[in-house]
Each structure stands twice: as structure tokens, then as C-alpha cells.
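Data block for model18.cif (mmCIF, C-alpha atoms):
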```cif
data_target
loop_
_atom_site.group_PDB
_atom_site.id
_atom_site.type_symbol
_atom_site.label_atom_id
_atom_site.label_comp_id
_atom_site.auth_asym_id
_atom_site.auth_seq_id
_atom_site.Cartn_x
_atom_site.Cartn_y
_atom_site.Cartn_z
ATOM 1 C CA MET A 16 -1.606 15.042 17.096
ATOM 2 C CA GLY A 17 -0.701 14.930 13.427
ATOM 3 C CA LEU A 18 -3.714 17.000 12.357
ATOM 4 C CA TYR A 19 -2.735 19.978 14.502
ATOM 5 C CA ARG A 20 0.958 19.767 13.633
ATOM 6 C CA GLU A 21 0.372 19.701 9.881
ATOM 7 C CA SER A 22 -2.301 22.392 9.909
ATOM 8 C CA ALA A 23 -0.115 24.560 12.164
ATOM 9 C CA GLU A 24 2.790 24.366 9.715
ATOM 10 C CA PHE A 25 0.459 25.251 6.827
ATOM 11 C CA LEU A 26 -0.956 28.299 8.623
ATOM 12 C CA VAL A 27 2.442 29.535 9.771
ATOM 13 C CA GLN A 28 3.817 29.351 6.235
ATOM 14 C CA LEU A 29 0.828 31.346 4.943
ATOM 15 C CA ALA A 30 1.355 33.932 7.686
ATOM 16 C CA GLU A 31 4.716 34.962 6.180
ATOM 17 C CA LEU A 32 6.243 35.894 9.518
ATOM 18 C CA GLU A 33 8.974 38.511 9.591
ATOM 19 C CA PHE A 34 11.710 39.512 12.027
ATOM 20 C CA GLY A 35 10.407 41.124 15.214
ATOM 21 C CA MET A 36 6.703 40.390 14.704
ATOM 22 C CA THR A 37 4.205 39.879 17.515
ATOM 23 C CA VAL A 38 1.985 36.873 16.792
ATOM 24 C CA LEU A 39 -1.221 35.941 18.612
ATOM 25 C CA ASP A 40 -2.026 32.226 18.773
ATOM 26 C CA LEU A 41 -5.784 32.362 19.367
ATOM 27 C CA GLY A 42 -7.193 29.182 20.890
ATOM 28 C CA CYS A 43 -3.644 27.945 21.407
ATOM 29 C CA GLY A 44 -4.642 24.784 23.288
ATOM 30 C CA THR A 45 -1.579 22.713 24.187
ATOM 31 C CA GLY A 46 0.751 24.941 22.195
ATOM 32 C CA VAL A 47 1.231 22.991 18.968
ATOM 33 C CA THR A 48 0.810 26.106 16.805
ATOM 34 C CA THR A 49 2.878 28.195 19.225
ATOM 35 C CA GLU A 50 5.759 25.767 18.670
ATOM 36 C CA ALA A 51 5.394 26.074 14.899
ATOM 37 C CA ILE A 52 5.501 29.875 15.182
ATOM 38 C CA LEU A 53 8.671 29.712 17.295
ATOM 39 C CA ARG A 54 10.350 27.410 14.770
ATOM 40 C CA GLN A 55 9.543 29.874 12.002
ATOM 41 C CA MET A 56 11.125 32.698 14.004
ATOM 42 C CA GLN A 57 14.363 30.657 14.000
ATOM 43 C CA GLY A 58 15.867 32.314 17.018
ATOM 44 C CA GLY A 59 15.237 35.888 15.849
ATOM 45 C CA GLU A 60 13.434 38.633 17.700
ATOM 46 C CA GLY A 61 9.693 38.379 18.126
ATOM 47 C CA LYS A 62 6.898 37.576 20.540
ATOM 48 C CA VAL A 63 4.124 34.988 20.706
ATOM 49 C CA ILE A 64 0.963 35.476 22.771
ATOM 50 C CA GLY A 65 -1.007 32.302 23.396
ATOM 51 C CA VAL A 66 -4.625 32.703 24.491
ATOM 52 C CA ASP A 67 -7.005 29.892 25.441
ATOM 53 C CA PHE A 68 -9.987 29.566 27.780
ATOM 54 C CA SER A 69 -8.910 26.162 29.163
ATOM 55 C CA PRO A 70 -6.591 26.184 32.235
ATOM 56 C CA GLU A 71 -5.851 22.494 31.671
ATOM 57 C CA MET A 72 -4.702 23.021 28.095
ATOM 58 C CA LEU A 73 -2.571 26.019 29.050
ATOM 59 C CA ALA A 74 -0.930 24.105 31.899
ATOM 60 C CA PHE A 75 0.142 21.492 29.362
ATOM 61 C CA ALA A 76 1.384 24.182 26.955
ATOM 62 C CA ARG A 77 3.472 25.838 29.671
ATOM 63 C CA LYS A 78 5.132 22.505 30.505
ATOM 64 C CA ARG A 79 6.011 21.900 26.863
ATOM 65 C CA ILE A 80 7.197 25.383 25.930
ATOM 66 C CA ASP A 81 9.875 27.213 27.888
ATOM 67 C CA SER A 82 10.714 30.394 26.007
ATOM 68 C CA ASN A 83 11.076 34.023 26.993
ATOM 69 C CA LYS A 84 9.393 34.921 23.691
ATOM 70 C CA VAL A 85 6.077 33.352 24.732
ATOM 71 C CA GLU A 86 3.396 34.448 27.144
ATOM 72 C CA PHE A 87 0.212 32.500 27.825
ATOM 73 C CA HIS A 88 -3.105 33.892 29.022
ATOM 74 C CA CYS A 89 -6.236 32.082 30.164
ATOM 75 C CA ARG A 90 -9.062 34.109 28.669
ATOM 76 C CA GLU A 91 -12.044 33.693 26.367
ATOM 77 C CA ALA A 92 -11.440 34.774 22.790
ATOM 78 C CA GLU A 93 -14.314 37.219 23.129
ATOM 79 C CA LYS A 94 -12.303 39.105 25.812
ATOM 80 C CA LEU A 95 -8.956 39.410 24.036
ATOM 81 C CA GLY A 96 -8.612 43.075 24.883
ATOM 82 C CA GLU A 97 -8.244 42.236 28.565
ATOM 83 C CA VAL A 98 -4.890 40.501 27.990
ATOM 84 C CA VAL A 99 -3.634 41.788 24.608
ATOM 85 C CA ARG A 100 -2.878 45.437 25.280
ATOM 86 C CA SER A 101 -0.902 46.361 22.162
ATOM 87 C CA LYS A 102 -1.307 45.848 18.416
ATOM 88 C CA VAL A 103 -0.194 42.555 16.879
ATOM 89 C CA ASP A 104 1.181 41.717 13.430
ATOM 90 C CA ARG A 105 -0.415 38.316 12.984
ATOM 91 C CA VAL A 106 -3.275 36.305 14.464
ATOM 92 C CA ILE A 107 -3.377 32.566 13.862
ATOM 93 C CA SER A 108 -6.323 30.413 14.928
ATOM 94 C CA ASN A 109 -5.776 26.747 14.188
ATOM 95 C CA ALA A 110 -8.896 24.521 14.226
ATOM 96 C CA ALA A 111 -10.570 26.554 16.963
ATOM 97 C CA PHE A 112 -12.571 29.432 15.476
ATOM 98 C CA TRP A 113 -15.938 27.683 15.374
ATOM 99 C CA HIS A 114 -15.904 27.545 19.188
ATOM 100 C CA PHE A 115 -16.062 31.338 19.417
ATOM 101 C CA ASP A 116 -18.750 33.990 19.179
ATOM 102 C CA VAL A 117 -17.645 35.134 15.722
ATOM 103 C CA ASP A 118 -19.021 38.676 15.842
ATOM 104 C CA LYS A 119 -17.491 39.449 19.252
ATOM 105 C CA VAL A 120 -14.112 38.003 18.287
ATOM 106 C CA PHE A 121 -13.943 40.005 15.058
ATOM 107 C CA SER A 122 -14.770 43.102 17.077
ATOM 108 C CA GLU A 123 -11.789 42.358 19.334
ATOM 109 C CA LEU A 124 -9.494 41.540 16.422
ATOM 110 C CA SER A 125 -10.312 44.777 14.647
ATOM 111 C CA LEU A 126 -8.951 46.653 17.680
ATOM 112 C CA ILE A 127 -5.699 44.718 18.157
ATOM 113 C CA LEU A 128 -4.645 43.991 14.561
ATOM 114 C CA LYS A 129 -2.148 46.410 13.033
ATOM 115 C CA PRO A 130 -3.151 48.122 9.757
ATOM 116 C CA SER A 131 -0.554 45.934 8.030
ATOM 117 C CA GLY A 132 -1.611 42.884 10.032
ATOM 118 C CA ARG A 133 -3.071 39.597 8.941
ATOM 119 C CA CYS A 134 -5.349 37.050 10.598
ATOM 120 C CA LEU A 135 -5.483 33.403 9.493
ATOM 121 C CA ILE A 136 -8.249 31.080 10.608
ATOM 122 C CA SER A 137 -9.035 27.524 9.582
ATOM 123 C CA VAL A 138 -12.537 26.018 9.543
ATOM 124 C CA PRO A 139 -13.762 22.607 8.313
ATOM 125 C CA ALA A 140 -14.743 22.525 4.653
ATOM 126 C CA ASP A 141 -17.121 19.577 5.203
ATOM 127 C CA SER A 142 -16.548 18.529 1.592
ATOM 128 C CA TRP A 143 -17.852 15.031 2.314
ATOM 129 C CA LYS A 144 -21.394 16.484 2.416
ATOM 130 C CA ASP A 145 -21.258 16.803 -1.362
ATOM 131 C CA VAL A 146 -21.890 13.072 -1.759
ATOM 132 C CA ASN A 147 -25.352 12.087 -3.030
ATOM 133 C CA TYR A 148 -25.609 8.500 -1.845
ATOM 134 C CA PHE A 149 -24.750 6.519 1.267
ATOM 135 C CA SER A 150 -22.569 4.246 -0.885
ATOM 136 C CA GLN A 151 -20.571 7.257 -2.111
ATOM 137 C CA LEU A 152 -19.889 8.258 1.480
ATOM 138 C CA TYR A 153 -18.572 4.725 2.051
ATOM 139 C CA GLU A 154 -16.060 5.185 -0.732
ATOM 140 C CA LYS A 155 -15.125 8.786 0.038
ATOM 141 C CA HIS A 156 -14.703 8.747 3.812
ATOM 142 C CA ARG A 157 -14.927 5.308 5.405
ATOM 143 C CA CYS A 158 -14.444 6.587 8.978
ATOM 144 C CA ILE A 159 -17.437 8.920 8.753
ATOM 145 C CA TRP A 160 -19.472 6.157 7.105
ATOM 146 C CA MET A 161 -18.727 3.864 10.076
ATOM 147 C CA LEU A 162 -19.779 6.530 12.563
ATOM 148 C CA MET A 163 -22.960 7.289 10.629
ATOM 149 C CA GLU A 164 -23.839 3.608 10.418
ATOM 150 C CA GLU A 165 -23.478 3.196 14.191
ATOM 151 C CA LYS A 166 -25.571 6.330 14.770
ATOM 152 C CA GLU A 167 -28.283 4.881 12.535
ATOM 153 C CA LEU A 168 -28.250 1.569 14.431
ATOM 154 C CA ARG A 169 -28.782 3.517 17.656
ATOM 155 C CA GLY A 170 -31.695 5.447 16.158
ATOM 156 C CA TYR A 171 -29.990 8.833 15.810
ATOM 157 C CA LEU A 172 -29.774 8.948 12.036
ATOM 158 C CA PRO A 173 -32.502 8.093 9.516
ATOM 159 C CA ARG A 174 -31.015 6.689 6.341
ATOM 160 C CA LYS A 175 -31.529 9.925 4.467
ATOM 161 C CA LEU A 176 -28.323 9.428 2.541
ATOM 162 C CA SER A 177 -29.717 6.336 0.809
ATOM 163 C CA THR A 178 -31.501 8.647 -1.644
ATOM 164 C CA PRO A 179 -30.142 11.620 -3.547
ATOM 165 C CA ALA A 180 -29.429 14.454 -1.135
ATOM 166 C CA ALA A 181 -30.185 18.105 -1.613
ATOM 167 C CA LYS A 182 -27.224 20.303 -2.359
ATOM 168 C CA PRO A 183 -25.737 21.257 1.019
ATOM 169 C CA LYS A 184 -25.769 24.825 2.203
ATOM 170 C CA MET A 185 -22.531 26.596 3.040
ATOM 171 C CA ASN A 186 -21.299 25.788 6.517
ATOM 172 C CA SER A 187 -23.141 28.148 8.895
ATOM 173 C CA GLN A 188 -19.860 29.155 10.534
ATOM 174 C CA GLN A 189 -18.523 30.313 7.181
ATOM 175 C CA ASN A 190 -21.723 32.303 6.564
ATOM 176 C CA GLU A 191 -21.184 34.084 9.886
ATOM 177 C CA ILE A 192 -17.596 34.881 8.942
ATOM 178 C CA TRP A 193 -18.591 36.550 5.705
ATOM 179 C CA GLN A 194 -21.420 38.519 7.302
ATOM 180 C CA SER A 195 -19.419 39.824 10.270
ATOM 181 C CA LEU A 196 -16.258 41.070 8.607
ATOM 182 C CA THR A 197 -17.378 44.272 6.917
ATOM 183 C CA SER A 198 -19.032 45.724 9.993
ATOM 184 C CA HIS A 199 -15.721 45.437 11.846
ATOM 185 C CA GLY A 200 -13.532 46.973 9.145
ATOM 186 C CA LEU A 201 -12.064 43.666 8.016
ATOM 187 C CA ARG A 202 -11.983 41.809 4.716
ATOM 188 C CA VAL A 203 -11.010 38.411 3.330
ATOM 189 C CA SER A 204 -7.929 38.895 1.167
ATOM 190 C CA ARG A 205 -7.669 35.245 0.088
ATOM 191 C CA ILE A 206 -8.966 31.757 0.784
ATOM 192 C CA GLU A 207 -6.754 28.686 0.722
ATOM 193 C CA THR A 208 -7.711 25.025 0.815
ATOM 194 C CA MET A 209 -5.849 22.676 3.120
ATOM 195 C CA ASP A 210 -6.193 18.945 2.472
ATOM 196 C CA LEU A 211 -4.714 16.644 5.097
ATOM 197 C CA PHE A 212 -4.783 12.883 5.476
ATOM 198 C CA LEU A 213 -4.828 11.172 8.863
ATOM 199 C CA PRO A 214 -4.558 7.514 9.838
ATOM 200 C CA PRO A 215 -8.109 6.448 10.764
ATOM 201 C CA GLN A 216 -7.262 5.933 14.438
ATOM 202 C CA ASP A 217 -5.776 9.441 14.612
ATOM 203 C CA TYR A 218 -8.968 10.815 13.079
ATOM 204 C CA LEU A 219 -11.027 9.117 15.788
ATOM 205 C CA ALA A 220 -8.615 10.397 18.463
ATOM 206 C CA PHE A 221 -9.235 13.934 17.192
ATOM 207 C CA LEU A 222 -12.993 13.396 17.589
ATOM 208 C CA ARG A 223 -12.482 12.111 21.151
ATOM 209 C CA ILE A 224 -11.319 15.531 22.312
ATOM 210 C CA PRO A 225 -14.351 16.600 24.396
ATOM 211 C CA ILE A 226 -14.794 20.040 22.843
ATOM 212 C CA MET A 227 -14.451 18.597 19.333
ATOM 213 C CA ALA A 228 -17.049 15.921 19.973
ATOM 214 C CA LYS A 229 -19.401 18.445 21.553
ATOM 215 C CA ASN A 230 -19.278 20.794 18.568
ATOM 216 C CA SER A 231 -19.016 18.267 15.737
ATOM 217 C CA PHE A 232 -21.926 17.999 13.301
ATOM 218 C CA LEU A 233 -21.298 14.236 13.371
ATOM 219 C CA PHE A 234 -22.683 13.869 16.895
ATOM 220 C CA ARG A 235 -25.483 16.400 16.901
ATOM 221 C CA GLY A 236 -28.269 15.113 19.137
ATOM 222 C CA VAL A 237 -26.202 12.230 20.546
ATOM 223 C CA PRO A 238 -25.629 12.087 24.339
ATOM 224 C CA GLU A 239 -21.976 12.499 25.370
ATOM 225 C CA GLN A 240 -21.701 8.957 26.768
ATOM 226 C CA GLU A 241 -22.969 7.440 23.545
ATOM 227 C CA VAL A 242 -20.568 9.553 21.505
ATOM 228 C CA GLN A 243 -17.682 7.761 23.200
ATOM 229 C CA GLU A 244 -19.410 4.402 22.710
ATOM 230 C CA ILE A 245 -19.821 5.100 18.980
ATOM 231 C CA LEU A 246 -16.150 6.028 18.728
ATOM 232 C CA ASP A 247 -15.224 2.848 20.628
ATOM 233 C CA VAL A 248 -17.179 0.707 18.148
ATOM 234 C CA ALA A 249 -15.471 2.367 15.189
ATOM 235 C CA SER A 250 -12.068 2.007 16.843
ATOM 236 C CA LYS A 251 -12.579 -1.737 17.380
ATOM 237 C CA GLN A 252 -13.577 -2.144 13.745
ATOM 238 C CA LEU A 253 -10.334 -0.464 12.732
ATOM 239 C CA ASP A 254 -8.368 -3.053 14.719
ATOM 240 C CA TRP A 255 -9.078 -5.603 11.996
ATOM 241 C CA LEU A 256 -9.778 -3.376 8.978
ATOM 242 C CA GLU A 257 -7.102 -1.848 6.792
ATOM 243 C CA LEU A 258 -8.440 1.499 5.657
ATOM 244 C CA PRO A 259 -6.773 4.311 3.714
ATOM 245 C CA ASP A 260 -5.904 7.488 5.559
ATOM 246 C CA ALA A 261 -8.944 9.644 6.303
ATOM 247 C CA PRO A 262 -9.203 12.932 4.372
ATOM 248 C CA VAL A 263 -9.607 16.105 6.415
ATOM 249 C CA ASN A 264 -10.455 19.215 4.402
ATOM 250 C CA TRP A 265 -10.179 22.781 5.692
ATOM 251 C CA LYS A 266 -10.669 26.274 4.367
ATOM 252 C CA VAL A 267 -8.160 28.865 5.531
ATOM 253 C CA TYR A 268 -9.386 32.465 5.526
ATOM 254 C CA VAL A 269 -6.696 35.141 5.334
ATOM 255 C CA ILE A 270 -8.242 38.280 6.810
ATOM 256 C CA GLU A 271 -6.830 41.803 6.781
ATOM 257 C CA PRO A 272 -8.003 45.283 7.781
ATOM 258 C CA ALA A 273 -10.114 46.764 5.005
ATOM 259 C CA ILE A 274 -8.451 49.540 3.042
ATOM 260 C CA GLU A 275 -10.682 52.598 3.107
ATOM 261 C CA SER A 276 -11.119 54.196 -0.269
ATOM 262 C CA VAL A 277 -10.102 57.839 -0.516
ATOM 263 C CA SER A 278 -12.203 60.093 -2.732
ATOM 264 C CA PRO A 279 -10.365 62.333 -5.234
ATOM 265 C CA SER A 280 -11.636 65.454 -3.451
ATOM 266 C CA ALA A 281 -9.861 64.367 -0.277
ATOM 267 C CA SER A 282 -6.468 64.248 -1.975
ATOM 268 C CA PRO A 283 -4.075 67.162 -1.327
#
```

Would you encode the structure as C-alpha cells?
Amino acid sequence: MGLYRESAEFLVQLAELEFGMTVLDLGCGTGVTTEAILRQMQGGEGKVIGVDFSPEMLAFARKRIDSNKVEFHCREAEKLGEVVRSKVDRVISNAAFWHFDVDKVFSELSLILKPSGRCLISVPADSWKDVNYFSQLYEKHRCIWMLMEEKELRGYLPRKLSTPAAKPKMNSQQNEIWQSLTSHGLRVSRIETMDLFLPPQDYLAFLRIPIMAKNSFLFRGVPEQEVQEILDVASKQLDWLELPDAPVNWKVYVIEPAIESVSPSASP
């Protein structure tokens, strides 16, 4: 899918991979990011460890990627230490981090990341929530507007956006990230914004992935069967509508081990 390919390339470029590095692809799924990492290595020495909790996804990744530089493990992110036995130079988590128990994963990462290491994670920015009126949502993100309209028709969404909305709070996942880092000896060294544009049908295809639909704020409180029905309605509308590409906005957190300050008295 275009979303994963483009975001993978963005993350890999930010990672600044070097010769001989060991890179952990956390939540590797079907291996799209693993492939991007291998391309960046350009035939040099190095190792990629792909970890995902889904046997089905990993089976697909193993079929696609045949390289002696890659090893795949089926394990929950919260149990990384069971399969990653040595320190790694980079950790890349592409569009997956919100599925994890953040505090437990940071605890694991703090143990396997080298002092010079770097971890890059991407989470949705949800910038569309900044709109104040339902009509502004129509102009800013037509695909989401269509989904919201269908939810409202089915009784899952009061038309709260028809009046000025309160200023949205920071995404709860991002709050957790900030709060968990310090206790595990980690820090955010920089934050990058990643703005991608997908054809509307590709955007709906992304939302059809079961785990994405289950965890998306768009379908909170909607039964799984009706989620697919809502997506079907939107997809049929797109068959005869010409819409601009749908914006997808992400924040990328670059995380590193915290540098402990040394007091003057401790110097030789």
C-alpha cells in the first residue's frame, strides 16, 4: 500500500543508517519497512530484525523477502527481550506504535537500544480535528466527511461538528509517549511532520485492515460488521465522484537514550 511505502521511506531516511548497523523493524507487518531498510543498506553489511505479533502477516513477509540479512520473529512488542538478545542501533516502528502498551514497550526498548542508538516511531497527527465546522471538514478531508455522514445516518454520531468545536486535546497516545520516556531513560531528540496524500480508495483500503479499523477513532462504538458497511458505502460513492487525494498527517518521534548529566565534582 502506498501509505506504508511512502512512510517507510521517510522513516528510513530519518534513521540515517550506517554500514553494519542492526535495525529492528517493530510491528513489521508484511515487511514493507523491512524492504525499505534493505534498500538503504545497498548490499552492505548489516542486519534487520522484524518483529510482529501476527503469524499471518509474518508468513506474507517471509514469502516476499528472501535475504540472509533478515530474521523474523512472531512476538508481541511488549516481549521484545525474548527474541532480541543483543543491542540494536536503530528501531523503526511504522504506523504501528498505537497498538502497543507504550510503557512496557519503552521499558523493553531502553534495554535493547545502544547508547548511540535511535528509535523512530510514527503516530497519526489527527490534524483534521482542528476544524470548527462540519462544512470545514467537508472541504479539508472529504473521505472522513463521507464516513462521518454515514455514521450519523446510522445513529452513531450526533452532528456535534455543526457548531463550533472545542479545541481538541493532544492525541492520548502522544500524551502517553511523553509521560513514559523519562522513567525509562529515554528522550525525544526531535519531532518531524510527515504529510502524505493517498488516492481516496487507497485511504479506504487502509481503513479496511482489521486492526486499523478496530483501533481507529473514526469507528469508535461502531460494530465491526457496520464498519465494513460504512466503508462500502463510501467506496461506492467514490466510484462516481472525483475527489482530490486524501491527506494523511503523521508525527514522527525520534527517540534516543537520555544523556545523564555529570556533576563537576564527578570529573577526574

* Structure fact -> Counting all atoms listed in the file, the residue among A:Glu241, A:Glu165, A:Glu91, A:Glu97 that lies closest to Ala111 of chain A is A:Glu91

* the PyMOL selection byres ((chain A and resi 171) around 12) resolved against shown file, as a PyMOL selection string -> chain A and resi 162-170+172-175+233-238+241-242+245

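When all atoms listed in the file are used to compute distances to Ser198 of chain A, the closest of the residues A:Glu33, A:Asp81, A:Asp260, A:Asp118 turns out to be A:Asp118.
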
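The closest residue to Arg54 of chain A, picked from A:Glu24, A:Glu31, A:Asp104, A:Asp116 and counting all atoms listed in the file, is A:Glu24.
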
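Reported to one decimal place, the separation of atom CA of Thr45 of chain A from atom CA of His114 of chain A is 15.9 Å.
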
* Mind checking which residues fall within 9 Å of Leu124 of chain A, counting only C-alpha atoms, ignoring those fewer than 2 positions away in the same chain, and posting them as a PyMOL selection string? => chain A and resi 95-96+106+119-122+126-128+134+199

* **Residues in the PyMOL selection byres ((chain A and resi 99) around 12), expressed as a PyMOL selection string** => chain A and resi 37-41+63-66+86-98+100-103+106+123-124+126-128

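Counting all atoms listed in the file and comparing A:Pro259, A:Pro139, A:Gly59, A:Gly35, the residue that lies closest to Asn230 of chain A is A:Pro139.
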
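With all atoms listed in the file as the atoms that count, the minimum distance from Asp247 of chain A to the choices A:Phe75, A:Gln216, A:Thr197, A:Leu26 is reached by A:Gln216.
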
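Distance-wise, atom CA of Asp67 of chain A and atom CA of Val47 of chain A end up 12.5 Å apart.
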
Exactly which residues make up the result of the PyMOL selection byres ((chain A and resi 135) around 10) on this file, given as a CSV table (one decimal) with C-alpha atoms, in the coordinates of the input?
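Produced file result-v2.csv, reproduced below:
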```csv
chain,number,residue,atom,x,y,z
A,26,LEU,CA,-1.0,28.3,8.6
A,27,VAL,CA,2.4,29.5,9.8
A,29,LEU,CA,0.8,31.3,4.9
A,30,ALA,CA,1.4,33.9,7.7
A,40,ASP,CA,-2.0,32.2,18.8
A,41,LEU,CA,-5.8,32.4,19.4
A,105,ARG,CA,-0.4,38.3,13.0
A,106,VAL,CA,-3.3,36.3,14.5
A,107,ILE,CA,-3.4,32.6,13.9
A,108,SER,CA,-6.3,30.4,14.9
A,109,ASN,CA,-5.8,26.7,14.2
A,133,ARG,CA,-3.1,39.6,8.9
A,134,CYS,CA,-5.3,37.0,10.6
A,136,ILE,CA,-8.2,31.1,10.6
A,137,SER,CA,-9.0,27.5,9.6
A,203,VAL,CA,-11.0,38.4,3.3
A,205,ARG,CA,-7.7,35.2,0.1
A,206,ILE,CA,-9.0,31.8,0.8
A,267,VAL,CA,-8.2,28.9,5.5
A,268,TYR,CA,-9.4,32.5,5.5
A,269,VAL,CA,-6.7,35.1,5.3
A,270,ILE,CA,-8.2,38.3,6.8
A,271,GLU,CA,-6.8,41.8,6.8
```
